[in-house]
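This is target_28.pdb. It holds PDB, C-alpha atoms, pLDDT in the B column.
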```pdb
ATOM      1  CA  MET P 138      58.463 -69.702 155.539  1.00 79.00           C
ATOM      2  CA  LYS P 139      57.187 -66.148 155.290  1.00 82.00           C
ATOM      3  CA  LYS P 140      57.079 -65.462 151.540  1.00 88.00           C
ATOM      4  CA  ALA P 141      55.524 -67.409 148.669  1.00 89.00           C
ATOM      5  CA  ILE P 142      53.460 -66.721 145.570  1.00 92.00           C
ATOM      6  CA  LEU P 143      51.850 -68.520 142.634  1.00 94.00           C
ATOM      7  CA  ALA P 144      52.955 -67.654 139.115  1.00 93.00           C
ATOM      8  CA  THR P 145      52.765 -68.738 135.499  1.00 94.00           C
ATOM      9  CA  LYS P 146      55.788 -69.277 133.285  1.00 94.00           C
ATOM     10  CA  VAL P 147      56.161 -66.813 130.412  1.00 93.00           C
ATOM     11  CA  GLY P 148      59.448 -68.077 128.967  1.00 93.00           C
ATOM     12  CA  MET P 149      63.192 -67.465 128.969  1.00 93.00           C
ATOM     13  CA  THR P 150      65.229 -64.478 127.882  1.00 93.00           C
ATOM     14  CA  GLN P 151      68.480 -62.777 128.826  1.00 92.00           C
ATOM     15  CA  ILE P 152      69.385 -59.463 130.426  1.00 91.00           C
ATOM     16  CA  PHE P 153      72.534 -57.530 131.239  1.00 91.00           C
ATOM     17  CA  ASN P 154      73.409 -56.617 134.813  1.00 85.00           C
ATOM     18  CA  GLU P 155      75.137 -53.429 135.966  1.00 84.00           C
ATOM     19  CA  ASP P 156      78.563 -54.943 135.214  1.00 85.00           C
ATOM     20  CA  GLY P 157      77.564 -55.780 131.649  1.00 87.00           C
ATOM     21  CA  ALA P 158      77.445 -59.533 132.247  1.00 90.00           C
ATOM     22  CA  LEU P 159      74.838 -61.523 130.334  1.00 93.00           C
ATOM     23  CA  ILE P 160      72.381 -63.376 132.604  1.00 92.00           C
ATOM     24  CA  PRO P 161      69.871 -65.984 131.367  1.00 94.00           C
ATOM     25  CA  VAL P 162      66.552 -65.535 133.174  1.00 94.00           C
ATOM     26  CA  THR P 163      63.100 -67.096 133.296  1.00 94.00           C
ATOM     27  CA  VAL P 164      60.211 -64.619 133.280  1.00 94.00           C
ATOM     28  CA  LEU P 165      57.277 -65.417 135.581  1.00 94.00           C
ATOM     29  CA  THR P 166      53.942 -63.630 135.894  1.00 92.00           C
ATOM     30  CA  ALA P 167      53.687 -63.719 139.696  1.00 89.00           C
ATOM     31  CA  GLY P 168      50.284 -62.965 141.163  1.00 78.00           C
ATOM     32  CA  PRO P 169      48.366 -61.121 142.176  1.00 90.00           C
ATOM     33  CA  CYS P 170      47.129 -63.851 144.514  1.00 90.00           C
ATOM     34  CA  VAL P 171      44.127 -63.363 146.795  1.00 91.00           C
ATOM     35  CA  VAL P 172      43.808 -64.827 150.298  1.00 90.00           C
ATOM     36  CA  THR P 173      40.690 -67.010 150.251  1.00 89.00           C
ATOM     37  CA  GLN P 174      40.985 -68.700 153.656  1.00 88.00           C
ATOM     38  CA  ILE P 175      43.016 -68.443 156.852  1.00 88.00           C
ATOM     39  CA  LYS P 176      43.567 -71.659 158.798  1.00 87.00           C
ATOM     40  CA  THR P 177      44.354 -71.506 162.493  1.00 86.00           C
ATOM     41  CA  VAL P 178      45.609 -74.001 165.061  1.00 86.00           C
ATOM     42  CA  GLU P 179      42.339 -73.706 167.026  1.00 85.00           C
ATOM     43  CA  ASN P 180      40.069 -74.551 164.087  1.00 86.00           C
ATOM     44  CA  ASP P 181      42.232 -76.635 161.732  1.00 83.00           C
ATOM     45  CA  GLY P 182      45.141 -77.877 163.835  1.00 86.00           C
ATOM     46  CA  TYR P 183      47.761 -75.903 161.922  1.00 87.00           C
ATOM     47  CA  SER P 184      48.460 -72.386 160.751  1.00 87.00           C
ATOM     48  CA  ALA P 185      48.302 -71.581 157.026  1.00 89.00           C
ATOM     49  CA  ILE P 186      46.652 -69.422 154.398  1.00 89.00           C
ATOM     50  CA  GLN P 187      44.869 -70.490 151.231  1.00 90.00           C
ATOM     51  CA  VAL P 188      45.355 -68.324 148.155  1.00 90.00           C
ATOM     52  CA  GLY P 189      43.606 -68.175 144.799  1.00 90.00           C
ATOM     53  CA  PHE P 190      45.308 -67.335 141.533  1.00 90.00           C
ATOM     54  CA  GLY P 191      44.146 -66.935 137.948  1.00 84.00           C
ATOM     55  CA  GLU P 192      40.720 -66.194 136.551  1.00 80.00           C
ATOM     56  CA  LYS P 193      38.201 -68.917 135.763  1.00 76.00           C
ATOM     57  CA  PRO P 194      34.605 -68.644 134.527  1.00 73.00           C
ATOM     58  CA  GLU P 195      31.653 -69.781 136.575  1.00 71.00           C
ATOM     59  CA  LYS P 196      29.983 -73.036 135.595  1.00 66.00           C
ATOM     60  CA  VAL P 197      27.142 -72.105 133.232  1.00 64.00           C
ATOM     61  CA  VAL P 198      24.103 -74.364 132.879  1.00 63.00           C
ATOM     62  CA  ASN P 199      22.429 -74.291 129.455  1.00 62.00           C
ATOM     63  CA  LYS P 200      19.403 -76.040 127.991  1.00 59.00           C
ATOM     64  CA  ASP P 201      19.615 -78.446 125.080  1.00 59.00           C
ATOM     65  CA  LYS P 202      17.570 -78.019 121.897  1.00 63.00           C
ATOM     66  CA  SER P 203      14.500 -79.602 123.491  1.00 65.00           C
ATOM     67  CA  GLY P 204      14.693 -77.126 126.370  1.00 61.00           C
ATOM     68  CA  LYS P 205      14.414 -79.860 128.999  1.00 59.00           C
ATOM     69  CA  LYS P 206      17.886 -81.284 129.613  1.00 56.00           C
ATOM     70  CA  GLU P 207      20.472 -79.098 131.358  1.00 58.00           C
ATOM     71  CA  ILE P 208      24.052 -79.122 130.079  1.00 56.00           C
ATOM     72  CA  ALA P 209      26.747 -77.857 132.470  1.00 56.00           C
ATOM     73  CA  HIS P 210      29.876 -76.006 131.353  1.00 55.00           C
ATOM     74  CA  ARG P 211      32.562 -78.518 132.372  1.00 60.00           C
ATOM     75  CA  HIS P 212      35.407 -76.036 132.663  1.00 67.00           C
ATOM     76  CA  GLY P 213      33.767 -73.656 135.129  1.00 73.00           C
ATOM     77  CA  VAL P 214      33.907 -73.458 138.921  1.00 76.00           C
ATOM     78  CA  ASN P 215      31.468 -75.861 140.582  1.00 78.00           C
ATOM     79  CA  LYS P 216      28.959 -74.864 143.270  1.00 79.00           C
ATOM     80  CA  ALA P 217      31.090 -76.033 146.209  1.00 84.00           C
ATOM     81  CA  VAL P 218      34.136 -74.007 145.196  1.00 84.00           C
ATOM     82  CA  LYS P 219      31.965 -71.046 144.184  1.00 82.00           C
ATOM     83  CA  GLY P 220      30.332 -71.001 147.628  1.00 86.00           C
ATOM     84  CA  HIS P 221      33.728 -71.177 149.300  1.00 86.00           C
ATOM     85  CA  LEU P 222      35.037 -68.242 147.251  1.00 85.00           C
ATOM     86  CA  ASP P 223      31.819 -66.225 147.675  1.00 85.00           C
ATOM     87  CA  LYS P 224      32.239 -66.575 151.437  1.00 85.00           C
ATOM     88  CA  ALA P 225      35.695 -65.002 151.095  1.00 83.00           C
ATOM     89  CA  GLY P 226      34.298 -62.264 148.878  1.00 84.00           C
ATOM     90  CA  VAL P 227      36.446 -63.083 145.840  1.00 84.00           C
ATOM     91  CA  GLY P 228      35.606 -64.182 142.304  1.00 83.00           C
ATOM     92  CA  PRO P 229      36.203 -67.596 140.707  1.00 84.00           C
ATOM     93  CA  LYS P 230      39.857 -68.654 140.743  1.00 86.00           C
ATOM     94  CA  ARG P 231      41.601 -71.225 138.591  1.00 88.00           C
ATOM     95  CA  TYR P 232      44.080 -72.389 141.236  1.00 89.00           C
ATOM     96  CA  LEU P 233      43.773 -72.739 145.021  1.00 90.00           C
ATOM     97  CA  ARG P 234      46.889 -73.538 147.045  1.00 91.00           C
ATOM     98  CA  GLU P 235      47.958 -73.452 150.696  1.00 91.00           C
ATOM     99  CA  PHE P 236      51.061 -71.865 152.181  1.00 90.00           C
ATOM    100  CA  LYS P 237      52.119 -72.648 155.733  1.00 89.00           C
ATOM    101  CA  PHE P 238      53.360 -69.195 156.661  1.00 85.00           C
ATOM    102  CA  GLU P 239      54.915 -68.522 160.049  1.00 82.00           C
ATOM    103  CA  ASN P 240      53.016 -65.217 160.130  1.00 81.00           C
ATOM    104  CA  ALA P 241      49.684 -66.492 158.750  1.00 80.00           C
ATOM    105  CA  GLU P 242      47.722 -64.567 161.397  1.00 81.00           C
ATOM    106  CA  GLU P 243      48.977 -61.291 159.915  1.00 82.00           C
ATOM    107  CA  TYR P 244      47.013 -61.841 156.694  1.00 82.00           C
ATOM    108  CA  ALA P 245      43.360 -60.980 156.082  1.00 86.00           C
ATOM    109  CA  ILE P 246      40.673 -62.475 153.872  1.00 88.00           C
ATOM    110  CA  ALA P 247      40.676 -61.034 150.303  1.00 86.00           C
ATOM    111  CA  GLN P 248      44.142 -59.504 150.849  1.00 86.00           C
ATOM    112  CA  GLU P 249      46.284 -59.430 147.713  1.00 88.00           C
ATOM    113  CA  ILE P 250      49.779 -60.903 147.527  1.00 88.00           C
ATOM    114  CA  LYS P 251      51.819 -59.371 144.723  1.00 89.00           C
ATOM    115  CA  ALA P 252      55.256 -59.865 143.209  1.00 88.00           C
ATOM    116  CA  ASP P 253      56.742 -57.097 145.350  1.00 87.00           C
ATOM    117  CA  ILE P 254      56.928 -59.423 148.366  1.00 90.00           C
ATOM    118  CA  PHE P 255      60.239 -60.510 146.805  1.00 90.00           C
ATOM    119  CA  GLU P 256      63.253 -58.299 146.283  1.00 89.00           C
ATOM    120  CA  THR P 257      66.232 -58.397 143.952  1.00 89.00           C
ATOM    121  CA  GLY P 258      68.815 -60.811 145.319  1.00 88.00           C
ATOM    122  CA  ASP P 259      66.358 -63.042 147.214  1.00 89.00           C
ATOM    123  CA  LYS P 260      66.956 -66.786 147.072  1.00 92.00           C
ATOM    124  CA  VAL P 261      63.904 -68.873 146.191  1.00 92.00           C
ATOM    125  CA  ASP P 262      62.793 -72.455 145.630  1.00 93.00           C
ATOM    126  CA  VAL P 263      60.723 -72.946 142.467  1.00 94.00           C
ATOM    127  CA  THR P 264      58.301 -75.866 142.013  1.00 94.00           C
ATOM    128  CA  ALA P 265      56.415 -76.886 138.847  1.00 95.00           C
ATOM    129  CA  ILE P 266      55.345 -79.911 136.808  1.00 95.00           C
ATOM    130  CA  SER P 267      58.113 -80.724 134.328  1.00 94.00           C
ATOM    131  CA  LYS P 268      57.564 -81.112 130.597  1.00 94.00           C
ATOM    132  CA  GLY P 269      56.076 -84.455 129.598  1.00 94.00           C
ATOM    133  CA  LYS P 270      58.174 -86.516 127.169  1.00 94.00           C
ATOM    134  CA  GLY P 271      55.756 -89.405 126.621  1.00 95.00           C
ATOM    135  CA  PHE P 272      56.834 -93.061 126.551  1.00 96.00           C
ATOM    136  CA  GLN P 273      60.611 -93.304 126.084  1.00 95.00           C
ATOM    137  CA  GLY P 274      63.150 -96.079 125.956  1.00 93.00           C
ATOM    138  CA  ALA P 275      65.812 -96.790 128.557  1.00 92.00           C
ATOM    139  CA  ILE P 276      68.544 -95.012 126.596  1.00 92.00           C
ATOM    140  CA  LYS P 277      66.810 -91.635 126.524  1.00 94.00           C
ATOM    141  CA  ARG P 278      64.979 -92.012 129.835  1.00 93.00           C
ATOM    142  CA  LEU P 279      67.808 -93.398 131.977  1.00 92.00           C
ATOM    143  CA  GLY P 280      70.969 -92.818 129.941  1.00 92.00           C
ATOM    144  CA  GLN P 281      71.736 -96.516 129.440  1.00 90.00           C
ATOM    145  CA  HIS P 282      74.303 -97.593 126.828  1.00 90.00           C
ATOM    146  CA  ARG P 283      73.344 -98.769 123.361  1.00 90.00           C
ATOM    147  CA  GLY P 284      74.550-101.908 121.661  1.00 90.00           C
ATOM    148  CA  PRO P 285      77.093-102.101 118.820  1.00 91.00           C
ATOM    149  CA  MET P 286      75.957-100.317 115.677  1.00 90.00           C
ATOM    150  CA  LYS P 287      77.803-102.592 113.225  1.00 89.00           C
ATOM    151  CA  HIS P 288      75.928-104.385 110.480  1.00 88.00           C
ATOM    152  CA  GLY P 289      74.515-107.694 111.663  1.00 89.00           C
ATOM    153  CA  SER P 290      74.478-106.823 115.347  1.00 89.00           C
ATOM    154  CA  LYS P 291      70.661-106.806 115.658  1.00 87.00           C
ATOM    155  CA  PHE P 292      71.088-105.148 119.054  1.00 89.00           C
ATOM    156  CA  HIS P 293      71.198-101.364 118.918  1.00 90.00           C
ATOM    157  CA  ARG P 294      68.863 -99.512 121.287  1.00 89.00           C
ATOM    158  CA  HIS P 295      67.296-102.414 123.148  1.00 88.00           C
ATOM    159  CA  GLN P 296      67.519-102.415 126.930  1.00 85.00           C
ATOM    160  CA  GLY P 297      69.416-105.681 127.240  1.00 81.00           C
ATOM    161  CA  SER P 298      69.149-108.411 129.869  1.00 80.00           C
ATOM    162  CA  ASN P 299      66.744-107.719 132.732  1.00 82.00           C
ATOM    163  CA  GLY P 300      67.708-110.717 134.865  1.00 78.00           C
ATOM    164  CA  ALA P 301      69.629-113.992 134.722  1.00 75.00           C
ATOM    165  CA  CYS P 302      67.717-117.161 133.775  1.00 79.00           C
ATOM    166  CA  SER P 303      68.334-119.294 136.876  1.00 82.00           C
ATOM    167  CA  SER P 304      69.574-116.911 139.545  1.00 80.00           C
ATOM    168  CA  PRO P 305      67.803-114.765 140.700  1.00 80.00           C
ATOM    169  CA  SER P 306      65.177-115.861 138.128  1.00 83.00           C
ATOM    170  CA  ARG P 307      63.349-112.563 138.433  1.00 86.00           C
ATOM    171  CA  VAL P 308      63.672-108.848 137.758  1.00 87.00           C
ATOM    172  CA  PHE P 309      64.668-106.786 140.798  1.00 88.00           C
ATOM    173  CA  LYS P 310      62.374-104.042 142.020  1.00 89.00           C
ATOM    174  CA  GLY P 311      63.491-100.611 140.879  1.00 88.00           C
ATOM    175  CA  LYS P 312      65.053-101.923 137.674  1.00 88.00           C
ATOM    176  CA  GLY P 313      65.351 -99.104 135.140  1.00 88.00           C
ATOM    177  CA  MET P 314      62.883 -99.792 132.363  1.00 91.00           C
ATOM    178  CA  PRO P 315      61.301 -97.953 129.440  1.00 92.00           C
ATOM    179  CA  GLY P 316      58.256 -95.961 130.456  1.00 94.00           C
ATOM    180  CA  HIS P 317      56.634 -92.585 130.896  1.00 96.00           C
ATOM    181  CA  MET P 318      59.189 -89.782 131.071  1.00 95.00           C
ATOM    182  CA  GLY P 319      58.644 -86.347 132.545  1.00 94.00           C
ATOM    183  CA  HIS P 320      55.438 -84.712 133.818  1.00 94.00           C
ATOM    184  CA  VAL P 321      56.493 -84.973 137.474  1.00 94.00           C
ATOM    185  CA  LYS P 322      56.749 -82.386 140.211  1.00 95.00           C
ATOM    186  CA  VAL P 323      60.228 -80.839 140.191  1.00 94.00           C
ATOM    187  CA  THR P 324      61.700 -78.358 142.675  1.00 94.00           C
ATOM    188  CA  VAL P 325      64.813 -76.327 141.873  1.00 93.00           C
ATOM    189  CA  GLN P 326      66.337 -74.814 144.997  1.00 92.00           C
ATOM    190  CA  ASN P 327      68.315 -71.703 145.764  1.00 91.00           C
ATOM    191  CA  LEU P 328      67.628 -69.737 142.594  1.00 92.00           C
ATOM    192  CA  GLU P 329      68.212 -65.982 142.583  1.00 92.00           C
ATOM    193  CA  VAL P 330      65.625 -63.287 141.901  1.00 92.00           C
ATOM    194  CA  VAL P 331      67.375 -61.011 139.408  1.00 93.00           C
ATOM    195  CA  ARG P 332      64.667 -58.398 138.919  1.00 90.00           C
ATOM    196  CA  VAL P 333      61.174 -57.568 140.210  1.00 90.00           C
ATOM    197  CA  ASP P 334      58.644 -55.558 138.175  1.00 89.00           C
ATOM    198  CA  ALA P 335      55.833 -54.782 140.630  1.00 86.00           C
ATOM    199  CA  GLU P 336      53.757 -52.838 138.104  1.00 88.00           C
ATOM    200  CA  LYS P 337      53.600 -55.716 135.613  1.00 90.00           C
ATOM    201  CA  ASN P 338      53.695 -58.469 138.301  1.00 90.00           C
ATOM    202  CA  LEU P 339      56.859 -59.980 136.826  1.00 92.00           C
ATOM    203  CA  LEU P 340      59.652 -61.935 138.496  1.00 92.00           C
ATOM    204  CA  LEU P 341      62.906 -62.602 136.645  1.00 94.00           C
ATOM    205  CA  ILE P 342      64.577 -65.724 138.022  1.00 94.00           C
ATOM    206  CA  LYS P 343      68.173 -66.545 137.159  1.00 93.00           C
ATOM    207  CA  GLY P 344      68.494 -69.770 135.191  1.00 92.00           C
ATOM    208  CA  ALA P 345      65.887 -72.308 134.089  1.00 92.00           C
ATOM    209  CA  VAL P 346      62.589 -73.102 135.796  1.00 93.00           C
ATOM    210  CA  PRO P 347      60.767 -76.449 135.370  1.00 93.00           C
ATOM    211  CA  GLY P 348      57.693 -76.775 133.190  1.00 92.00           C
ATOM    212  CA  PRO P 349      56.410 -75.577 129.814  1.00 93.00           C
ATOM    213  CA  LYS P 350      55.162 -72.090 129.047  1.00 93.00           C
ATOM    214  CA  LYS P 351      51.951 -71.100 130.877  1.00 92.00           C
ATOM    215  CA  ALA P 352      52.660 -73.744 133.538  1.00 92.00           C
ATOM    216  CA  LEU P 353      51.709 -73.065 137.155  1.00 94.00           C
ATOM    217  CA  VAL P 354      54.822 -72.289 139.207  1.00 93.00           C
ATOM    218  CA  THR P 355      55.142 -71.984 142.985  1.00 93.00           C
ATOM    219  CA  VAL P 356      57.837 -69.587 144.191  1.00 93.00           C
ATOM    220  CA  LYS P 357      58.861 -69.784 147.858  1.00 92.00           C
ATOM    221  CA  GLU P 358      61.703 -68.372 149.889  1.00 89.00           C
ATOM    222  CA  THR P 359      64.424 -70.984 149.943  1.00 88.00           C
ATOM    223  CA  THR P 360      64.761 -73.544 152.690  1.00 85.00           C
ATOM    224  CA  ARG P 361      68.326 -74.303 151.632  1.00 75.00           C
ATOM    225  CA  ALA P 362      71.131 -72.513 153.448  1.00 62.00           C
ATOM    226  CA  GLN P 363      73.309 -70.444 151.164  1.00 57.00           C
ATOM    227  CA  ALA P 364      76.667 -72.108 150.565  1.00 49.00           C
TER
END
```

Representation of the structure as structure tokens:
Amino acid sequence: MKKAILATKVGMTQIFNEDGALIPVTVLTAGPCVVTQIKTVENDGYSAIQVGFGEKPEKVVNKDKSGKKEIAHRHGVNKAVKGHLDKAGVGPKRYLREFKFENAEEYAIAQEIKADIFETGDKVDVTAISKGKGFQGAIKRLGQHRGPMKHGSKFHRHQGSNGACSSPSRVFKGKGMPGHMGHVKVTVQNLEVVRVDAEKNLLLIKGAVPGPKKALVTVKETTRAQA
């Protein structure tokens, strides 16, 4: 892998290509990312770069009304991360991620990675945390069939039998059950970059991208061979 960037999801829209065809696209604010650390085989056992993305305030310590007790700002960058970023000469960042680039030695500390590393027509793999659906039943979560809806049935959207009474006398592992749905890491492969706006740091990806609006999205060059 030689190209990757962190982005946030703006939303979906549609554009027209040169032939006048309508294309649904997802708009991503890609970068700029800053290189905060370079890992080498000699020091770390593998070659990679660490990048920071998004602004985040420093952790501020205030006094309470008595003036004695210190109250820390919970949402700021802690001292350990602040020291790490100060060493790289960059400000506080909301996200830190690693990319195992084949050409990691070509990057420098505090170097910016912008949306223009991708070009129109590139194929990418997009990774994000999918939308959370909460606790759902087996019909919505797994697509299981419902019971008869006639009056007197008393069995409509229940899951049904989970196991026979005498044999095997237990529920098999992996049995589809009601439970938490969504909010998992999802990767969609081989999507096409339709347009790149380097000035506004925008990437337009053909089709849908996992996650809600403002979600963190990782865009990498695809590992899947084009069919």

(Q) Ranking P:Asn240, P:Val147, P:Thr177, P:Met286 by minimum distance to P:Val164 and counting all atoms listed in the file, which one comes first? (A) P:Val147

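The coordinates place atom CA of P:Gln281 at 21.4 Å from atom CA of P:Ser267.
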
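Excluding P:Val356 and any residue on its chain fewer than 5 positions from it, the residues at most 7 Å away by only C-alpha atoms are Ala141, Ile142, Leu143, Val261, Asp262, Val263 and Thr264 of chain P.
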
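Closest approach to P:Glu192 among P:Ala158, P:Ala265, P:Val214, P:Leu328: P:Val214, based on only C-alpha atoms.
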
Q.
Using all atoms listed in the file, which protein or nucleic acid residues come within 10 Å of stretch 304-318 of chain P? Drop anything in the same chain fewer than 4 positions from it, and give the result as a PyMOL selection string.
A. chain P and resi 267-281+295-296+298-300

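Candidate residues P:Gly168, P:Gly148, P:Pro161, P:Gly348 were compared for distance to P:Phe255, and the nearest is P:Gly168, using all atoms listed in the file.
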
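Of the residues listed (P:Ala185, P:Val172, P:Ile266, P:Val178), P:Val172 shows the shortest atom-to-atom separation from P:Gly226; distances use all atoms listed in the file.
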
Q.
Could you list, as number ranges by chain, every residue matched by the PyMOL selection byres ((chain P and resi 223-225) around 7) in this structure?
A. P: 173-174, 219-222, 226-228, 246-247

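Interatomic distance, atom CA of P:Glu329 against atom CA of P:Arg361: 12.3 Å.
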
Q: Quick one: everything within 10 Å of P:Thr166, counting all atoms listed in the file, minus sequence neighbours fewer than 3 positions away in the same chain. Send it as a list in words.
A: Leu143, Ala144, Thr145, Lys146, Val147, Gly148, Pro169, Ala252, Asp334, Lys337, Asn338, Leu339, Leu340, Leu341, Lys351, Leu353 and Val354 of chain P

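The spacing separating atom CA of P:Lys193 from atom CA of P:Pro349 amounts to 20.3 Å.
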
Q | Hits of the PyMOL selection byres ((chain P and resi 359) around 8) in this structure, as a VMD selection string | A | chain P and resid 260 to 262 326 to 327 357 to 358 360 to 362

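Distances to P:Phe236 were evaluated for P:Val346, P:Ile175, P:Ala217, P:Ala335 using all atoms listed in the file, and the minimum falls at P:Ile175.
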
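Counting all atoms listed in the file, the residue from P:Lys251, P:Lys237, P:Pro194, P:Gly284 that sits nearest to P:Val218 is P:Pro194.
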
Could you give me the centre and size, in Å to one decimal, of an axis-aligned box around all listed atoms of stretch 341-354 of chain P with 6 Å added on every side, as lines of an AutoDock Vina configuration file?
```
center_x = 60.1
center_y = -69.7
center_z = 134.1
size_x = 28.8
size_y = 26.2
size_z = 22.2
```
